[in-house]
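Asks: My file is query28.txt. It has compact mmCIF, C-alpha atoms and all ligand atoms:
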# COMPACT_ATOMS: atom_id res chain seq x y z
CA MET A 1 -229.53 -120.75 -10.06
CA LYS A 2 -226.73 -122.93 -11.45
CA ASP A 3 -223.20 -122.73 -10.10
CA VAL A 4 -221.15 -120.42 -12.28
CA PHE A 5 -217.56 -121.60 -11.81
CA GLY A 6 -217.52 -125.41 -12.11
CA SER A 7 -219.01 -126.66 -8.87
CA PHE A 8 -218.55 -123.26 -7.19
CA GLY A 9 -220.41 -119.94 -7.29
CA GLY A 10 -224.15 -119.70 -7.79
CA ALA A 11 -226.66 -117.64 -5.88
CA TYR A 12 -227.84 -119.40 -2.71
CA VAL A 13 -230.16 -116.69 -1.47
CA PRO A 14 -233.81 -116.32 -0.46
CA GLU A 15 -236.38 -115.60 -3.16
CA ALA A 16 -236.60 -111.92 -2.17
CA GLN A 17 -232.95 -111.36 -3.01
CA LEU A 18 -233.05 -113.20 -6.34
CA LYS A 19 -235.15 -110.45 -7.89
CA ALA A 20 -232.63 -107.74 -6.95
CA LEU A 21 -229.72 -109.90 -8.18
CA LYS A 22 -231.50 -110.58 -11.47
CA GLU A 23 -232.07 -106.85 -11.98
CA LEU A 24 -228.40 -106.19 -11.21
CA GLU A 25 -227.30 -108.81 -13.74
CA GLU A 26 -229.49 -107.32 -16.44
CA VAL A 27 -228.13 -103.82 -15.88
CA PHE A 28 -224.55 -105.09 -15.81
CA LEU A 29 -224.99 -106.97 -19.10
CA GLU A 30 -226.66 -103.93 -20.65
CA TYR A 31 -223.91 -101.47 -19.73
CA LYS A 32 -220.63 -103.36 -19.50
CA ASP A 33 -219.91 -102.96 -23.23
CA ASP A 34 -221.94 -99.78 -23.72
CA GLU A 35 -219.78 -97.06 -25.32
CA ASP A 36 -221.07 -94.18 -23.16
CA PHE A 37 -220.69 -96.20 -19.99
CA LYS A 38 -217.14 -97.22 -20.88
CA LYS A 39 -216.28 -93.64 -21.76
CA GLU A 40 -217.52 -92.36 -18.41
CA LEU A 41 -215.75 -95.14 -16.47
CA ASN A 42 -212.48 -94.57 -18.33
CA TYR A 43 -212.67 -90.84 -17.72
CA TYR A 44 -212.85 -91.32 -13.95
CA LEU A 45 -210.27 -94.13 -13.95
CA LYS A 46 -207.83 -91.84 -15.71
CA ASP A 47 -208.47 -88.36 -14.28
CA TYR A 48 -209.74 -89.25 -10.82
CA VAL A 49 -208.07 -92.56 -9.89
CA GLY A 50 -204.86 -91.77 -11.79
CA ARG A 51 -204.66 -94.82 -14.09
CA GLN A 52 -202.90 -96.39 -15.76
CA THR A 53 -200.74 -97.58 -12.88
CA PRO A 54 -197.04 -98.15 -13.56
CA LEU A 55 -195.50 -101.57 -14.14
CA TYR A 56 -192.23 -100.93 -12.33
CA TYR A 57 -189.07 -103.01 -12.74
CA ALA A 58 -187.80 -103.55 -9.18
CA GLU A 59 -184.14 -103.75 -10.09
CA ASN A 60 -182.72 -103.59 -6.56
CA LEU A 61 -185.09 -106.26 -5.29
CA THR A 62 -184.27 -108.42 -8.31
CA ARG A 63 -180.55 -108.14 -7.62
CA LYS A 64 -181.10 -109.08 -3.99
CA CYS A 65 -183.17 -112.18 -4.89
CA GLY A 66 -180.88 -113.32 -7.69
CA GLY A 67 -183.28 -114.92 -10.18
CA ALA A 68 -186.24 -113.76 -12.22
CA LYS A 69 -186.72 -110.08 -13.07
CA ILE A 70 -189.38 -108.80 -10.67
CA TYR A 71 -191.92 -106.26 -11.91
CA LEU A 72 -194.41 -104.57 -9.57
CA LYS A 73 -197.91 -103.61 -10.73
CA ARG A 74 -198.42 -100.46 -8.67
CA GLU A 75 -202.09 -100.49 -7.59
CA ASP A 76 -200.88 -98.72 -4.44
CA LEU A 77 -200.62 -95.54 -6.51
CA ASN A 78 -204.37 -95.34 -7.15
CA HIS A 79 -206.40 -92.60 -5.44
CA THR A 80 -207.30 -93.91 -1.93
CA GLY A 81 -204.24 -96.15 -2.04
CA ALA A 82 -205.41 -99.54 -3.30
CA HIS A 83 -207.10 -101.48 -6.10
CA LYS A 84 -210.54 -101.37 -4.44
CA ILE A 85 -211.53 -98.11 -6.09
CA ASN A 86 -211.49 -99.73 -9.58
CA ASN A 87 -214.46 -101.89 -8.60
CA VAL A 88 -216.23 -99.25 -6.50
CA LEU A 89 -216.19 -96.78 -9.36
CA GLY A 90 -217.62 -99.34 -11.79
CA GLN A 91 -220.39 -100.41 -9.42
CA ILE A 92 -221.38 -96.87 -8.44
CA LEU A 93 -221.58 -95.83 -12.10
CA LEU A 94 -223.94 -98.80 -12.59
CA ALA A 95 -225.96 -97.58 -9.58
CA LYS A 96 -226.18 -94.15 -11.21
CA ARG A 97 -227.52 -95.68 -14.43
CA MET A 98 -230.12 -97.52 -12.34
CA GLY A 99 -231.23 -94.22 -10.81
CA LYS A 100 -230.28 -95.27 -7.25
CA LYS A 101 -229.68 -92.48 -4.76
CA HIS A 102 -228.21 -94.51 -1.93
CA VAL A 103 -225.29 -96.95 -1.82
CA ILE A 104 -224.46 -99.37 0.97
CA ALA A 105 -221.30 -101.38 1.53
CA GLU A 106 -219.71 -103.73 4.02
CA THR A 107 -216.21 -103.18 5.29
CA GLY A 108 -213.70 -105.09 7.41
CA ALA A 109 -210.70 -102.90 8.11
CA GLY A 110 -212.36 -99.96 6.42
CA GLN A 111 -210.55 -99.99 3.06
CA HIS A 112 -213.59 -100.83 0.96
CA GLY A 113 -215.75 -98.56 3.12
CA VAL A 114 -213.42 -95.63 2.52
CA ALA A 115 -213.32 -96.29 -1.24
CA THR A 116 -217.12 -96.47 -1.37
CA ALA A 117 -217.57 -93.32 0.76
CA THR A 118 -215.08 -91.55 -1.54
CA VAL A 119 -216.88 -92.33 -4.79
CA ALA A 120 -220.29 -91.73 -3.19
CA ALA A 121 -219.08 -88.23 -2.23
CA LEU A 122 -217.86 -87.68 -5.79
CA MET A 123 -221.18 -88.79 -7.28
CA GLY A 124 -223.36 -87.00 -4.71
CA MET A 125 -224.88 -90.20 -3.36
CA GLU A 126 -225.93 -91.10 0.14
CA CYS A 127 -223.68 -93.78 1.62
CA THR A 128 -224.11 -96.23 4.51
CA VAL A 129 -221.30 -98.58 5.52
CA TYR A 130 -221.84 -101.68 7.68
CA MET A 131 -218.88 -102.53 9.86
CA GLY A 132 -218.43 -105.00 12.72
CA LYS A 133 -218.48 -103.26 16.08
CA GLU A 134 -215.17 -104.89 16.99
CA ASP A 135 -213.59 -103.65 13.72
CA MET A 136 -214.95 -100.14 14.39
CA LYS A 137 -212.97 -100.10 17.63
CA ARG A 138 -209.79 -101.43 16.01
CA GLN A 139 -210.04 -99.09 13.01
CA ALA A 140 -211.44 -95.97 14.66
CA LEU A 141 -209.50 -93.68 12.33
CA ASN A 142 -211.03 -95.24 9.23
CA VAL A 143 -214.50 -94.85 10.78
CA PHE A 144 -213.82 -91.13 11.20
CA ARG A 145 -212.42 -90.96 7.66
CA MET A 146 -215.64 -92.43 6.23
CA GLU A 147 -217.67 -89.96 8.30
CA MET A 148 -215.55 -87.07 7.01
CA LEU A 149 -216.47 -88.23 3.49
CA GLY A 150 -220.15 -87.97 4.42
CA ALA A 151 -220.91 -91.66 5.03
CA LYS A 152 -222.89 -93.13 7.88
CA VAL A 153 -221.18 -96.07 9.59
CA VAL A 154 -223.52 -98.65 11.14
CA PRO A 155 -222.12 -101.19 13.63
CA ALA A 156 -222.79 -104.91 12.98
CA LEU A 157 -223.57 -106.35 16.40
CA SER A 158 -224.01 -110.09 15.82
CA GLY A 159 -221.47 -112.95 16.12
CA THR A 160 -217.81 -111.96 16.23
CA GLN A 161 -218.75 -108.40 15.19
CA THR A 162 -216.28 -108.45 12.29
CA LEU A 163 -216.35 -108.65 8.47
CA LYS A 164 -218.53 -111.76 8.14
CA GLU A 165 -221.33 -110.14 10.14
CA ALA A 166 -220.90 -106.83 8.30
CA VAL A 167 -221.60 -108.67 5.03
CA ASP A 168 -224.63 -110.43 6.58
CA GLU A 169 -226.09 -107.10 7.70
CA ALA A 170 -225.36 -105.26 4.45
CA ILE A 171 -227.12 -108.02 2.49
CA ALA A 172 -230.10 -107.93 4.88
CA ALA A 173 -230.35 -104.14 4.62
CA TRP A 174 -230.18 -104.33 0.83
CA VAL A 175 -233.04 -106.83 0.59
CA ASN A 176 -235.28 -104.44 2.50
CA SER A 177 -234.42 -101.40 0.42
CA SER A 178 -233.27 -102.55 -3.04
CA GLU A 179 -235.83 -100.24 -4.70
CA ASP A 180 -233.66 -97.18 -4.11
CA THR A 181 -230.43 -98.72 -2.77
CA PHE A 182 -227.42 -100.30 -4.51
CA TYR A 183 -225.17 -102.74 -2.66
CA VAL A 184 -221.50 -102.12 -3.55
CA LEU A 185 -219.76 -105.43 -2.75
CA GLY A 186 -216.03 -105.08 -2.12
CA SER A 187 -214.48 -108.34 -3.29
CA ALA A 188 -214.97 -111.10 -5.86
CA VAL A 189 -217.36 -112.92 -3.52
CA GLY A 190 -221.08 -113.19 -2.78
CA PRO A 191 -223.93 -114.48 -4.92
CA HIS A 192 -223.93 -114.35 -8.73
CA PRO A 193 -223.51 -111.90 -10.47
CA TYR A 194 -221.22 -110.13 -7.95
CA PRO A 195 -218.04 -112.23 -8.48
CA THR A 196 -218.38 -111.70 -12.25
CA ILE A 197 -219.01 -107.95 -11.88
CA VAL A 198 -216.06 -107.44 -9.53
CA LYS A 199 -213.77 -109.39 -11.87
CA HIS A 200 -214.96 -107.27 -14.79
CA PHE A 201 -214.05 -104.02 -13.06
CA GLN A 202 -210.74 -105.32 -11.68
CA GLN A 203 -209.48 -106.94 -14.89
CA ILE A 204 -208.04 -103.58 -15.91
CA ILE A 205 -205.05 -104.54 -13.72
CA SER A 206 -204.07 -107.41 -16.03
CA GLU A 207 -205.20 -105.73 -19.25
CA GLU A 208 -202.72 -102.95 -18.51
CA SER A 209 -199.93 -105.20 -17.23
CA ARG A 210 -200.13 -107.51 -20.24
CA THR A 211 -199.66 -104.60 -22.66
CA GLN A 212 -196.97 -103.06 -20.44
CA ILE A 213 -194.89 -106.24 -20.10
CA LEU A 214 -195.06 -106.95 -23.85
CA GLU A 215 -193.80 -103.39 -24.45
CA LYS A 216 -190.98 -103.65 -21.89
CA GLU A 217 -189.87 -107.26 -22.32
CA GLY A 218 -191.35 -108.38 -25.63
CA LYS A 219 -192.75 -111.51 -23.99
CA LEU A 220 -195.26 -112.66 -21.41
CA PRO A 221 -194.22 -113.24 -17.79
CA LYS A 222 -193.47 -116.67 -16.34
CA ALA A 223 -195.79 -115.96 -13.40
CA ILE A 224 -198.29 -113.49 -11.96
CA ILE A 225 -198.38 -113.35 -8.17
CA ALA A 226 -201.10 -111.64 -6.11
CA CYS A 227 -202.46 -111.85 -2.56
CA VAL A 228 -205.90 -113.38 -1.96
CA GLY A 229 -208.42 -112.27 0.64
CA GLY A 230 -211.78 -112.48 -1.11
CA GLY A 231 -209.71 -112.51 -4.28
CA SER A 232 -210.54 -109.32 -6.20
CA ASN A 233 -207.03 -107.98 -6.82
CA ALA A 234 -205.88 -111.51 -7.68
CA ILE A 235 -208.67 -112.26 -10.17
CA GLY A 236 -208.10 -108.82 -11.72
CA SER A 237 -204.38 -109.55 -11.95
CA PHE A 238 -204.99 -113.00 -13.52
CA ALA A 239 -207.92 -112.28 -15.87
CA ALA A 240 -206.09 -111.28 -19.06
CA TYR A 241 -203.66 -114.23 -18.74
CA ILE A 242 -206.09 -117.08 -18.07
CA GLU A 243 -205.88 -118.25 -21.70
CA ASP A 244 -202.06 -117.90 -21.75
CA ARG A 245 -201.38 -121.41 -20.52
CA ASP A 246 -197.61 -120.82 -20.10
CA VAL A 247 -198.18 -118.05 -17.55
CA SER A 248 -198.40 -119.43 -14.00
CA LEU A 249 -201.10 -117.79 -11.89
CA ILE A 250 -200.20 -117.83 -8.21
CA GLY A 251 -202.49 -116.60 -5.42
CA VAL A 252 -201.06 -116.07 -1.95
CA GLU A 253 -203.20 -116.56 1.15
CA ALA A 254 -202.53 -115.51 4.73
CA ALA A 255 -201.02 -118.29 6.85
CA GLY A 256 -201.13 -116.04 9.94
CA LYS A 257 -199.27 -117.82 12.74
CA GLY A 258 -199.11 -121.00 10.57
CA VAL A 259 -201.62 -123.12 8.63
CA ASP A 260 -201.34 -125.88 11.26
CA THR A 261 -202.46 -123.52 14.03
CA PRO A 262 -206.04 -122.18 14.41
CA TYR A 263 -204.71 -118.72 13.55
CA HIS A 264 -204.69 -118.41 9.78
CA ALA A 265 -206.91 -117.41 6.84
CA ALA A 266 -205.68 -119.97 4.29
CA THR A 267 -209.07 -120.73 2.81
CA ILE A 268 -207.97 -122.69 -0.24
CA ALA A 269 -205.23 -124.63 1.57
CA LYS A 270 -207.47 -125.55 4.50
CA GLY A 271 -211.06 -124.91 3.41
CA GLU A 272 -213.96 -127.21 2.61
CA PRO A 273 -216.85 -126.57 0.20
CA THR A 274 -219.77 -124.85 1.88
CA ILE A 275 -222.24 -122.03 1.34
CA LEU A 276 -221.33 -118.60 2.68
CA HIS A 277 -222.76 -115.21 1.75
CA GLY A 278 -224.89 -116.67 -1.03
CA MET A 279 -222.10 -118.51 -2.87
CA LYS A 280 -220.76 -122.05 -2.86
CA THR A 281 -217.05 -121.84 -2.15
CA LEU A 282 -214.20 -123.08 0.02
CA CYS A 283 -214.36 -121.94 3.59
CA VAL A 284 -212.48 -122.56 6.81
CA LEU A 285 -214.87 -124.60 9.01
CA ASP A 286 -214.71 -125.74 12.63
CA GLU A 287 -215.39 -129.30 13.88
CA ASN A 288 -219.16 -128.62 13.78
CA LYS A 289 -218.86 -127.60 10.11
CA GLU A 290 -219.63 -124.02 11.04
CA VAL A 291 -217.70 -121.11 9.53
CA ALA A 292 -214.60 -120.72 11.72
CA PRO A 293 -213.04 -117.44 12.82
CA VAL A 294 -209.95 -116.66 10.74
CA TYR A 295 -206.85 -114.68 11.59
CA SER A 296 -204.14 -112.71 9.80
CA ILE A 297 -202.01 -109.70 10.68
CA SER A 298 -203.47 -108.14 7.53
CA PRO A 299 -207.00 -106.84 7.99
CA GLY A 300 -207.78 -107.27 4.28
CA LEU A 301 -207.01 -110.99 4.15
CA ASP A 302 -208.97 -112.33 7.12
CA TYR A 303 -212.13 -113.43 5.31
CA PRO A 304 -213.26 -117.02 6.04
CA GLY A 305 -214.25 -117.73 2.41
CA VAL A 306 -212.75 -116.98 -0.99
CA GLY A 307 -214.10 -115.88 -4.37
CA PRO A 308 -215.69 -118.89 -6.12
CA GLU A 309 -213.62 -118.45 -9.28
CA HIS A 310 -210.44 -119.00 -7.25
CA ALA A 311 -211.92 -122.20 -5.78
CA TYR A 312 -212.58 -123.23 -9.38
CA LEU A 313 -209.17 -122.22 -10.80
CA ASN A 314 -207.59 -124.21 -7.97
CA GLU A 315 -209.80 -127.23 -8.63
CA VAL A 316 -208.97 -127.37 -12.34
CA GLY A 317 -205.30 -126.59 -11.70
CA ARG A 318 -205.15 -123.37 -13.74
CA ALA A 319 -203.99 -121.38 -10.71
CA THR A 320 -202.08 -122.45 -7.62
CA TYR A 321 -202.37 -121.05 -4.13
CA GLU A 322 -199.60 -120.70 -1.58
CA SER A 323 -199.60 -119.36 1.97
CA ILE A 324 -197.35 -116.88 3.74
CA THR A 325 -197.14 -116.27 7.51
CA ASP A 326 -197.33 -112.96 9.37
CA ASP A 327 -193.57 -113.12 10.00
CA GLU A 328 -192.75 -113.64 6.33
CA ALA A 329 -195.11 -110.86 5.23
CA VAL A 330 -193.65 -108.33 7.68
CA GLU A 331 -190.13 -109.24 6.53
CA ALA A 332 -191.10 -108.74 2.87
CA LEU A 333 -192.68 -105.38 3.71
CA MET A 334 -189.40 -104.26 5.31
CA THR A 335 -187.39 -105.62 2.37
CA LEU A 336 -189.37 -103.63 -0.20
CA CYS A 337 -189.07 -100.48 1.93
CA LYS A 338 -185.29 -100.87 2.19
CA THR A 339 -184.52 -101.99 -1.38
CA GLU A 340 -186.95 -99.88 -3.40
CA GLY A 341 -188.27 -97.17 -1.09
CA ILE A 342 -191.80 -98.51 -1.53
CA LEU A 343 -194.00 -99.17 1.52
CA PRO A 344 -196.49 -101.89 0.46
CA ALA A 345 -199.72 -102.81 2.29
CA ILE A 346 -199.31 -105.75 4.64
CA GLU A 347 -201.81 -107.64 2.41
CA SER A 348 -199.67 -107.08 -0.68
CA SER A 349 -196.57 -108.06 1.33
CA HIS A 350 -197.87 -111.66 1.34
CA ALA A 351 -197.62 -111.71 -2.46
CA LEU A 352 -194.18 -110.08 -2.29
CA ALA A 353 -192.90 -112.59 0.26
CA TYR A 354 -193.85 -115.51 -1.98
CA ALA A 355 -192.46 -113.71 -5.05
CA ILE A 356 -189.11 -113.23 -3.31
CA GLN A 357 -188.88 -117.00 -2.64
CA TYR A 358 -190.14 -117.88 -6.11
CA ALA A 359 -187.87 -115.49 -8.05
CA ALA A 360 -184.79 -117.11 -6.55
CA THR A 361 -185.80 -120.46 -8.13
CA CYS A 362 -186.06 -118.92 -11.63
CA LYS A 363 -183.57 -118.09 -14.39
CA PRO A 364 -182.41 -114.47 -14.89
CA SER A 365 -184.15 -114.54 -18.27
CA ASP A 366 -187.52 -115.16 -16.56
CA VAL A 367 -189.88 -112.31 -15.72
CA ILE A 368 -192.51 -112.25 -12.98
CA ILE A 369 -195.16 -109.69 -12.06
CA VAL A 370 -196.28 -109.08 -8.47
CA THR A 371 -199.37 -106.99 -7.78
CA VAL A 372 -198.82 -104.41 -5.06
CA SER A 373 -202.53 -104.18 -4.20
CA GLY A 374 -202.17 -101.20 -1.87
CA ARG A 375 -199.89 -98.87 0.02
CA GLY A 376 -198.78 -99.57 3.57
CA ASP A 377 -199.24 -96.22 5.30
CA LYS A 378 -202.26 -97.68 7.09
CA ASP A 379 -200.12 -100.52 8.48
CA VAL A 380 -197.22 -98.57 9.97
CA GLU A 381 -198.63 -98.65 13.50
CA ALA A 382 -199.49 -102.37 13.39
CA VAL A 383 -196.07 -103.27 11.98
CA ALA A 384 -194.29 -101.13 14.59
CA GLU A 385 -196.25 -102.91 17.30
CA TYR A 386 -195.57 -106.32 15.77
CA VAL A 387 -191.86 -105.72 15.41
CA GLY A 388 -191.76 -104.31 18.96
CA VAL A 389 -193.49 -107.39 20.36
CA LYS A 390 -191.14 -109.70 18.43
CA ASN A 391 -188.07 -107.92 19.74
CA LYS A 392 -189.15 -108.02 23.39
C1 LIG A 401 -208.95 -105.40 0.66
C2 LIG A 401 -207.54 -105.56 0.28
C3 LIG A 401 -207.02 -106.81 -0.15
C4 LIG A 401 -207.82 -108.07 -0.14
O1 LIG A 401 -208.94 -108.09 -0.97
P1 LIG A 401 -209.01 -108.89 -2.33
O2 LIG A 401 -210.43 -108.82 -2.69
O3 LIG A 401 -208.52 -110.29 -2.06
O4 LIG A 401 -208.13 -108.20 -3.30
C5 LIG A 401 -205.70 -106.87 -0.55
N1 LIG A 401 -204.90 -105.78 -0.52
C6 LIG A 401 -205.36 -104.57 -0.12
C7 LIG A 401 -204.43 -103.42 -0.12
C8 LIG A 401 -206.69 -104.43 0.30
O5 LIG A 401 -207.13 -103.23 0.69
Would you mind writing the structure in this file as structure tokens?

Replies:
Amino acid sequence: MKDVFGSFGGAYVPEAQLKALKELEEVFLEYKDDEDFKKELNYYLKDYVGRQTPLYYAENLTRKCGGAKIYLKREDLNHTGAHKINNVLGQILLAKRMGKKHVIAETGAGQHGVATATVAALMGMECTVYMGKEDMKRQALNVFRMEMLGAKVVPALSGTQTLKEAVDEAIAAWVNSSEDTFYVLGSAVGPHPYPTIVKHFQQIISEESRTQILEKEGKLPKAIIACVGGGSNAIGSFAAYIEDRDVSLIGVEAAGKGVDTPYHAATIAKGEPTILHGMKTLCVLDENKEVAPVYSISPGLDYPGVGPEHAYLNEVGRATYESITDDEAVEALMTLCKTEGILPAIESSHALAYAIQYAATCKPSDVIIVTVSGRGDKDVEAVAEYVGVKNK
């Protein structure tokens, strides 16, 4: 299988998996432009998820920063509180067309697991979620939430017992049961065709924002800024602007306690090309060239790899990638709460923190769009603890 995004992407998987991936690609190509499929997807996006999401002019924040006009793309207002449901809905509707009765998913903090359990409940499908045992302890409430929605949560027991191992086990389980089971992958990562499928279902973010900004401002933005874990909200936020060469595309990674410490998840800033989860991409490696543990205060950004299209956009210079520390992200979260009365997810707060710095370097006639990928209700406890620790 050739690499899909320049020298990145591809499908580096055993023979047994290639057959299931090939079948998935065929179904995706058959339905992605099918009128009935699009009608069904749009119905649920509108009446169930609550799209379209607002493009909100953050006037108070803009005044505080003193530079570019800052618009927020409000993915936090989706049902279940983040962008993840856009992709989950698309993939589960594909699973339905394939006649699958059972969906499986991996989850780190539980966000993607909750979104998958939600749509599986809606569609009357059986749902199994693989989650690192360590993450299950840290996110016990999300485990219960998935169970309330009817899902079975299976602990991943190998390695660090976190997201990386959850993906490994979900892939292994899928290979053994792909006849009746569909694997709902949660970010723009994994073997081809997953990164392409996830981008397809997340590009609605930028399709909407492009129309909205032209309506409100009569011109395209100077920059689009989004946080990058695996990269699904970012690629969805960039997609409709990739050909608009004057629009800067800026991804923001988690610098954790600093990119020069071992405690970060800045994959593009610090990564090297390797193969992880069936794709060739940039990855944080240790001195033995093994995948290194990564760290961020935000549970959604601590993935050791990154979507292969981001590695490619970085390589060819079409997008740039910055990093923001825990401290800066928490400060931005507080700033948005105080100025606009909006509590953003700690993941999204990385994008906001960079946007706040960036806006100040722009002219008042410039316009930027920041994707608020999710709401921060889930982070209140962690932020309270963090701020408490800092103040001690
Ligand atoms: C999962 C998650 C992310 C990170 O995932 P991407 O695939 O990089 O978008 C970012 N923000 C929120 C709110 C999330 O739940």

Asks: Pull the closest atom pair for each residue of chain A that gets at most 9 Å from ligand LIG 401 (chain A), along with the distance in Å to one decimal, counting all atoms listed in the file, ordering rows by chain and then ascending residue number, as CSV.

Replies:
residue,atom,partner,partner_atom,distance
A:Glu75,CA,A:LIG401,C7,8.4
A:Asp76,CA,A:LIG401,C7,7.3
A:Gly81,CA,A:LIG401,C7,7.5
A:Ala82,CA,A:LIG401,C7,5.1
A:His83,CA,A:LIG401,C7,6.8
A:Lys84,CA,A:LIG401,O5,6.4
A:Thr107,CA,A:LIG401,C1,8.9
A:Gly108,CA,A:LIG401,C1,8.3
A:Ala109,CA,A:LIG401,C1,8.1
A:Gly110,CA,A:LIG401,O5,8.4
A:Gln111,CA,A:LIG401,O5,5.3
A:His112,CA,A:LIG401,C1,6.5
A:Gly186,CA,A:LIG401,O2,6.8
A:Ser187,CA,A:LIG401,O2,4.1
A:Ala188,CA,A:LIG401,O2,6.0
A:Val189,CA,A:LIG401,O2,8.1
A:Val198,CA,A:LIG401,O2,9.0
A:Ala226,CA,A:LIG401,O4,8.3
A:Cys227,CA,A:LIG401,C5,6.3
A:Val228,CA,A:LIG401,O3,4.1
A:Gly229,CA,A:LIG401,O3,3.3
A:Gly230,CA,A:LIG401,O3,4.0
A:Gly231,CA,A:LIG401,O3,3.4
A:Ser232,CA,A:LIG401,O2,3.5
A:Asn233,CA,A:LIG401,O4,3.7
A:Ala234,CA,A:LIG401,O4,5.9
A:Ile235,CA,A:LIG401,O4,8.0
A:Gly236,CA,A:LIG401,O4,8.4
A:Glu253,CA,A:LIG401,O3,8.8
A:Ser298,CA,A:LIG401,C5,8.5
A:Pro299,CA,A:LIG401,C1,7.7
A:Gly300,CA,A:LIG401,C1,4.2
A:Leu301,CA,A:LIG401,C4,5.3
A:Asp302,CA,A:LIG401,C4,8.5
A:Tyr303,CA,A:LIG401,C4,8.8
A:Val306,CA,A:LIG401,O3,8.0
A:Gly307,CA,A:LIG401,O2,8.1
A:Pro344,CA,A:LIG401,C7,8.1
A:Ala345,CA,A:LIG401,C7,5.3
A:Ile346,CA,A:LIG401,C7,7.4
A:Glu347,CA,A:LIG401,N1,4.6
A:Ser348,CA,A:LIG401,N1,5.4
A:Ser349,CA,A:LIG401,N1,8.8
A:Val372,CA,A:LIG401,C7,7.5
A:Ser373,CA,A:LIG401,C7,4.6
A:Gly374,CA,A:LIG401,C7,3.6
A:Arg375,CA,A:LIG401,C7,6.4
A:Gly376,CA,A:LIG401,C7,7.8

Asks: Quote the spacing between atom CA of A:Pro193 and atom CA of A:Tyr295 in Å to one decimal place.

Replies: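 Distance reported for this atom pair: 27.8 Å.
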
Asks: Would you mind reading off the distance between atom CA of A:Glu243 and atom CA of A:Ala223, one decimal, in Å?

Replies: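 Separation of atom CA of A:Glu243 and atom CA of A:Ala223: 13.3 Å.
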
Asks: Quick one: pull the distance between atom CA of A:Ala311 and atom CA of A:Asp366, Å, one decimal.

Replies: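 About the pair atom CA of A:Ala311 and atom CA of A:Asp366: they are 27.6 Å apart.
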
Asks: Would you pick out the contacts of A:Pro221 at 8 Å or less, using all atoms listed in the file, so that residues sharing its chain but fewer than 5 positions from it are not included, and give the list as a PyMOL selection string?

Replies: chain A and resi 213+247+366-369

Asks: Per residue of stretch 96-116 of chain A within 6 Å of stretch 124-138 of chain A, which atom pair is closest and at what distance in Å (one decimal), using only C-alpha atoms, listed by chain and increasing number, as a tab-separated table?

Replies:
residue	atom	partner	partner_atom	distance
A:Lys101	CA	A:Met125	CA	5.5
A:His102	CA	A:Glu126	CA	4.6
A:Val103	CA	A:Cys127	CA	4.9
A:Ile104	CA	A:Thr128	CA	4.7
A:Ala105	CA	A:Val129	CA	4.9
A:Glu106	CA	A:Tyr130	CA	4.7
A:Thr107	CA	A:Met131	CA	5.3

Asks: Give me, as a tab-separated table, each residue of stretch 191-257 of chain A that comes within 12 Å of stretch 15-25 of chain A, together with its shortest interatomic pair and the distance in Å at one decimal, counting all atoms listed in the file, with rows ordered by chain and rising residue number.

Replies:
residue	atom	partner	partner_atom	distance
A:Pro191	CA	A:Leu21	CA	8.1
A:His192	CA	A:Leu21	CA	7.3
A:Pro193	CA	A:Glu25	CA	5.9
A:Tyr194	CA	A:Glu25	CA	8.5
A:Pro195	CA	A:Glu25	CA	11.2
A:Thr196	CA	A:Glu25	CA	9.5
A:Ile197	CA	A:Glu25	CA	8.5

Asks: Would you kindly return, as a PDB file with C-alpha atoms, in the frame of the given file, each protein, DNA or RNA residue with an atom no farther than 8 Å from any atom of A:Cys283, considering all atoms listed in the file and excluding same-chain residues fewer than 2 positions away?

Replies:
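selection-v1.pdb written:
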ATOM      1  CA  THR A 267    -209.070-120.730   2.810  1.00  0.00           C
ATOM      2  CA  ILE A 268    -207.970-122.690  -0.240  1.00  0.00           C
ATOM      3  CA  LYS A 270    -207.470-125.550   4.500  1.00  0.00           C
ATOM      4  CA  GLY A 271    -211.060-124.910   3.410  1.00  0.00           C
ATOM      5  CA  GLU A 272    -213.960-127.210   2.610  1.00  0.00           C
ATOM      6  CA  PRO A 273    -216.850-126.570   0.200  1.00  0.00           C
ATOM      7  CA  THR A 274    -219.770-124.850   1.880  1.00  0.00           C
ATOM      8  CA  LEU A 276    -221.330-118.600   2.680  1.00  0.00           C
ATOM      9  CA  THR A 281    -217.050-121.840  -2.150  1.00  0.00           C
ATOM     10  CA  LEU A 285    -214.870-124.600   9.010  1.00  0.00           C
ATOM     11  CA  VAL A 291    -217.700-121.110   9.530  1.00  0.00           C
ATOM     12  CA  PRO A 304    -213.260-117.020   6.040  1.00  0.00           C
ATOM     13  CA  GLY A 305    -214.250-117.730   2.410  1.00  0.00           C
ATOM     14  CA  VAL A 306    -212.750-116.980  -0.990  1.00  0.00           C
TER      15      VAL A 306
END

Asks: Choose the residue, out of A:Met334, A:Ala265, A:Leu249, A:Leu343, that has the smallest atom-to-atom separation from A:Tyr321; count all atoms listed in the file.

Replies: A:Leu249

Asks: Between A:Thr160, A:His79, A:Asp260, A:Ala58, which is the closest to A:Ile342 once you count only C-alpha atoms?

Replies: A:Ala58

Asks: So that I can see what lies close to stretch 354-360 of chain A, please list as an MDAnalysis selection string the residues with an atom at most 8 Å from it, counting only C-alpha atoms and leaving out residues fewer than 4 positions away in the same chain.

Replies: chainID A and resid 62 65:70 225 252 322:324 332 350 368 370

Asks: Using all atoms listed in the file, collect all residues at a distance of at most 9 Å from (-197.0, -102.7, 9.5) as written in the file, then present them as a ChimeraX atom specification.

Replies: /A:297-298,330,333-334,345-346,376-387
